[in-house]
>>> print(open('query_0.txt').read())   # compact mmCIF, C-alpha atoms
# COMPACT_ATOMS: atom_id res chain seq x y z
CA MET A 21 39.29 75.89 -22.21
CA GLU A 22 38.78 75.34 -18.63
CA GLU A 23 35.14 74.90 -19.25
CA LYS A 24 35.91 72.27 -21.85
CA GLU A 25 38.16 70.44 -19.44
CA ILE A 26 35.52 70.61 -16.73
CA HIS A 27 32.93 69.47 -19.15
CA ILE A 28 35.12 66.56 -20.27
CA GLU A 29 35.85 65.69 -16.67
CA ASP A 30 32.12 65.79 -15.91
CA GLU A 31 31.45 63.48 -18.82
CA GLU A 32 34.19 61.12 -17.66
CA LEU A 33 32.74 61.14 -14.15
CA GLN A 34 29.31 60.44 -15.49
CA GLU A 35 30.68 57.60 -17.60
CA GLU A 36 32.48 56.18 -14.58
CA GLN A 37 29.30 56.45 -12.55
CA THR A 38 27.35 54.77 -15.35
CA VAL A 39 29.97 52.03 -15.59
CA ASN A 40 29.97 51.64 -11.79
CA GLU A 41 26.19 51.52 -11.76
CA THR A 42 26.22 48.99 -14.63
CA ASP A 43 28.84 46.95 -12.78
CA LYS A 44 26.78 47.09 -9.59
CA GLU A 45 23.65 46.07 -11.50
CA ALA A 46 25.56 43.23 -13.14
CA GLU A 47 26.86 42.13 -9.77
CA ALA A 48 23.37 42.27 -8.29
CA GLU A 49 21.97 40.28 -11.22
CA GLU A 50 24.82 37.80 -10.88
CA GLN A 51 24.09 37.45 -7.17
CA GLN A 52 20.43 36.91 -7.87
CA SER A 53 21.16 34.34 -10.58
CA ASP A 54 23.59 32.58 -8.20
CA GLU A 55 20.86 32.53 -5.55
CA VAL A 56 18.35 31.21 -8.09
CA ALA A 57 20.91 28.67 -9.32
CA GLU A 58 21.55 27.59 -5.74
CA GLU A 59 17.81 27.29 -5.21
CA GLN A 60 17.38 25.30 -8.45
CA ASP A 61 20.50 23.19 -7.95
CA PRO A 62 19.06 20.97 -5.14
CA LEU A 63 15.84 20.61 -7.10
CA THR A 64 17.73 19.70 -10.26
CA GLU A 65 19.88 17.26 -8.29
CA ALA A 66 16.82 15.66 -6.74
CA GLN A 67 15.12 15.34 -10.12
CA ALA A 68 18.26 13.78 -11.61
CA GLN A 69 18.47 11.36 -8.69
CA ILE A 70 14.78 10.46 -9.08
CA ALA A 71 15.29 9.81 -12.80
CA ASP A 72 18.31 7.63 -12.05
CA LEU A 73 16.44 5.63 -9.39
CA LYS A 74 13.43 5.26 -11.68
CA ASP A 75 15.68 3.91 -14.43
CA LYS A 76 17.31 1.43 -12.02
CA TYR A 77 13.87 0.35 -10.74
CA LEU A 78 12.53 -0.24 -14.24
CA ARG A 79 15.62 -2.27 -15.15
CA GLN A 80 15.27 -4.41 -12.00
CA VAL A 81 11.57 -5.02 -12.69
CA ALA A 82 12.33 -6.01 -16.29
CA GLU A 83 15.19 -8.27 -15.16
CA PHE A 84 12.98 -9.98 -12.55
CA ASP A 85 10.19 -10.44 -15.09
CA ASN A 86 12.63 -12.07 -17.51
CA TYR A 87 13.93 -14.31 -14.70
CA ARG A 88 10.36 -15.35 -13.78
CA LYS A 89 9.48 -16.15 -17.39
CA ARG A 90 12.71 -18.12 -17.85
CA THR A 91 12.15 -20.23 -14.71
CA LEU A 92 8.54 -20.94 -15.70
CA LYS A 93 9.72 -22.08 -19.12
CA GLU A 94 12.44 -24.27 -17.59
CA ARG A 95 9.93 -25.78 -15.15
CA ALA A 96 7.50 -26.56 -17.96
CA GLU A 97 10.32 -28.20 -19.95
CA LEU A 98 11.35 -30.22 -16.91
CA ILE A 99 7.81 -31.45 -16.38
CA LEU A 100 7.39 -32.38 -20.03
CA ASN A 101 10.81 -33.96 -20.49
CA GLY A 102 11.67 -35.00 -16.93
CA GLY A 103 11.18 -38.70 -17.56
CA GLU A 104 13.29 -38.70 -20.72
CA LYS A 105 16.33 -40.19 -18.98
CA THR A 106 14.29 -43.02 -17.44
CA ILE A 107 12.40 -43.78 -20.62
CA THR A 108 15.63 -43.85 -22.63
CA ALA A 109 17.05 -46.33 -20.11
CA LEU A 110 13.94 -48.52 -20.43
CA LEU A 111 13.99 -48.71 -24.24
CA PRO A 112 16.55 -51.60 -24.36
CA VAL A 113 14.30 -53.59 -22.00
CA ILE A 114 11.37 -53.05 -24.38
CA ASP A 115 13.58 -54.23 -27.25
CA ASP A 116 14.39 -57.40 -25.27
CA MET A 117 10.69 -57.98 -24.57
CA GLU A 118 9.89 -57.67 -28.28
CA ARG A 119 12.63 -60.18 -29.14
CA ALA A 120 11.35 -62.56 -26.42
CA ILE A 121 7.82 -62.35 -27.81
CA ALA A 122 9.09 -63.01 -31.34
CA SER A 123 11.21 -65.98 -30.23
CA GLY A 124 8.35 -67.29 -28.05
CA GLU A 125 6.26 -67.73 -31.19
CA LYS A 126 8.99 -69.93 -32.69
CA THR A 127 9.46 -72.28 -29.72
CA ASP A 128 7.23 -74.41 -27.58
CA ASP A 129 9.79 -74.98 -24.78
CA PRO A 130 8.51 -73.22 -21.61
CA GLN A 131 11.95 -73.36 -19.99
CA VAL A 132 13.45 -71.15 -22.72
CA LEU A 133 10.63 -68.63 -22.28
CA ARG A 134 11.09 -68.69 -18.50
CA GLU A 135 14.86 -68.05 -18.80
CA GLY A 136 14.23 -65.21 -21.27
CA MET A 137 11.68 -63.60 -18.95
CA THR A 138 14.09 -63.94 -16.00
CA LEU A 139 16.89 -62.25 -17.94
CA ILE A 140 14.60 -59.41 -19.01
CA TYR A 141 13.36 -58.97 -15.41
CA GLN A 142 16.95 -58.78 -14.13
CA LYS A 143 17.83 -56.23 -16.80
CA LEU A 144 14.77 -54.14 -15.91
CA MET A 145 15.69 -54.19 -12.22
CA LYS A 146 19.26 -53.04 -13.03
CA VAL A 147 17.87 -50.16 -15.10
CA LEU A 148 15.53 -49.14 -12.28
CA GLU A 149 18.35 -49.36 -9.72
CA SER A 150 20.49 -47.10 -11.92
CA GLN A 151 17.61 -44.59 -11.83
CA GLY A 152 17.49 -44.70 -8.00
CA VAL A 153 14.63 -47.18 -7.57
CA SER A 154 15.05 -49.88 -4.94
CA LYS A 155 12.85 -52.59 -3.45
CA ILE A 156 11.58 -52.39 0.10
CA GLU A 157 12.73 -55.53 1.89
CA THR A 158 9.94 -57.36 3.68
CA GLN A 159 11.26 -60.83 4.43
CA ASP A 160 11.55 -61.30 8.22
CA ALA A 161 11.25 -57.53 8.70
CA ASP A 162 9.49 -55.75 11.54
CA PHE A 163 6.28 -54.04 10.46
CA ASP A 164 7.04 -50.37 9.79
CA THR A 165 4.19 -48.03 8.85
CA SER A 166 6.59 -45.75 6.99
CA LEU A 167 7.44 -48.62 4.59
CA HIS A 168 4.61 -51.15 4.79
CA GLU A 169 0.85 -51.19 4.38
CA ALA A 170 -0.89 -53.91 6.37
CA VAL A 171 -3.59 -55.56 4.25
CA ALA A 172 -4.09 -58.55 6.55
CA LEU A 173 -3.49 -59.51 10.18
CA VAL A 174 -2.58 -63.15 10.77
CA PRO A 175 -3.53 -64.35 14.30
CA GLY A 176 -1.96 -67.25 16.18
CA MET A 177 1.55 -67.01 14.73
CA GLY A 178 3.28 -66.99 18.12
CA ASP A 179 5.11 -64.31 20.04
CA ASP A 180 8.19 -64.48 17.82
CA LYS A 181 6.09 -63.48 14.75
CA LYS A 182 4.06 -60.78 16.52
CA GLY A 183 4.56 -57.40 14.75
CA LYS A 184 6.61 -59.05 11.98
CA VAL A 185 5.87 -59.23 8.27
CA ILE A 186 4.55 -62.71 7.47
CA ASP A 187 3.89 -62.39 3.75
CA CYS A 188 4.27 -59.75 1.02
CA MET A 189 1.36 -59.40 -1.40
CA ALA A 190 2.86 -56.52 -3.45
CA THR A 191 6.45 -55.37 -3.41
CA GLY A 192 7.08 -51.79 -2.30
CA TYR A 193 9.57 -49.45 -3.95
CA LYS A 194 11.58 -46.39 -2.97
CA LEU A 195 12.97 -43.71 -5.24
CA ASN A 196 16.07 -42.16 -3.67
CA ASP A 197 14.89 -42.95 -0.10
CA LYS A 198 11.34 -41.72 -0.79
CA VAL A 199 8.64 -44.38 -0.72
CA ILE A 200 6.83 -44.36 -4.05
CA ARG A 201 4.78 -47.47 -3.32
CA TYR A 202 4.26 -49.06 0.09
CA ALA A 203 4.76 -52.80 0.40
CA LYS A 204 1.41 -54.54 0.93
CA VAL A 205 2.01 -57.11 3.65
CA ALA A 206 0.35 -59.53 6.06
CA VAL A 207 1.40 -58.93 9.66
CA GLY A 208 1.58 -61.45 12.50
CA GLN A 209 -0.68 -60.80 15.47
>>> encode(input="query_0.txt", output="structure tokens")
Amino acid sequence: MEEKEIHIEDEELQEEQTVNETDKEAEAEEQQSDEVAEEQDPLTEAQAQIADLKDKYLRQVAEFDNYRKRTLKERAELILNGGEKTITALLPVIDDMERAIASGEKTDDPQVLREGMTLIYQKLMKVLESQGVSKIETQDADFDTSLHEAVALVPGMGDDKKGKVIDCMATGYKLNDKVIRYAKVAVGQ
């Protein structure tokens, strides 16, 4: 019996040793996998961060491309339809001109035609002023190269007329303080 007990104890010891060895092996494997996981973890993190940054970059590029296309389209529309407001404002003046032409065929009185043309001219000037167009004043003005274009020099006008605008051959116009046509003038010398 003693032999049986010793034999059983030996078997139990061997089992414990096997379990201890298995536990040690499992611990060693676990340590190795932890080390490998720690080694892979920064790499995995970096790859995830790269993927995230790549996604953000692609979205930004697509968003900028859409913005560029939209602004080009808006610019093209503005160029094509930019004068729409002005043209719409001028249409009533064209209607008045057509009526004046039609009524001019019915009458021979030049005074009526003159008054009609004057009214249409005044209406046209009001429309242009509402669009930001204004005349460049030349009467008794000093010659200014930023507003006037000298087409003639008139000598012998006296010292009081020297450097002054004597006559205006073509009226100049400004659009919102920008000269769109210089006034063609004769200047005293």
>>> atom_distance(input="query_0.txt", atom1="CA of Leu110 (chain A)", atom2="CA of Gly152 (chain A)")
13.5 Å
>>> atom_distance(input="query_0.txt", atom1="CA of Glu104 (chain A)", atom2="CA of Glu149 (chain A)")
16.1 Å
>>> residues_around(input="query_0.txt", residues="Asp116 (chain A)", least_positions_apart="5", cutoff="10 Å", atoms="all atoms listed in the file", output="PyMOL selection string")
chain A and resi 111+121-122+136-137+139-140+143-144
>>> residues_around(input="query_0.txt", residues="Gly178 (chain A)", least_positions_apart="5", cutoff="12 Å", atoms="only C-alpha atoms", output="MDAnalysis selection string")
chainID A and resid 183:184 186 207:209
>>> residues_around(input="query_0.txt", residues="region 160-173 of chain A", least_positions_apart="6", cutoff="10 Å", atoms="only C-alpha atoms", output="list in words")
Lys181, Lys182, Gly183, Lys184, Val185, Ile186, Asp187, Cys188, Met189, Ala190, Thr191, Gly192, Tyr193, Lys194, Lys198, Val199, Ile200, Arg201, Tyr202, Ala203, Lys204, Val205, Ala206, Val207, Gly208 and Gln209 of chain A
>>> closest_residue(input="query_0.txt", among="A:Asp197, A:Asp180, A:Val113, A:Leu78", to="Thr138 (chain A)", atoms="all atoms listed in the file")
A:Val113
>>> closest_residue(input="query_0.txt", among="A:Ala120, A:Ile70, A:Thr106, A:Pro175", to="Glu135 (chain A)", atoms="all atoms listed in the file")
A:Ala120
>>> closest_residue(input="query_0.txt", among="A:Ala82, A:Leu98, A:Val147, A:Val153", to="Pro112 (chain A)", atoms="all atoms listed in the file")
A:Val147
>>> atom_distance(input="query_0.txt", atom1="CA of Met145 (chain A)", atom2="CA of Ala109 (chain A)")
11.2 Å
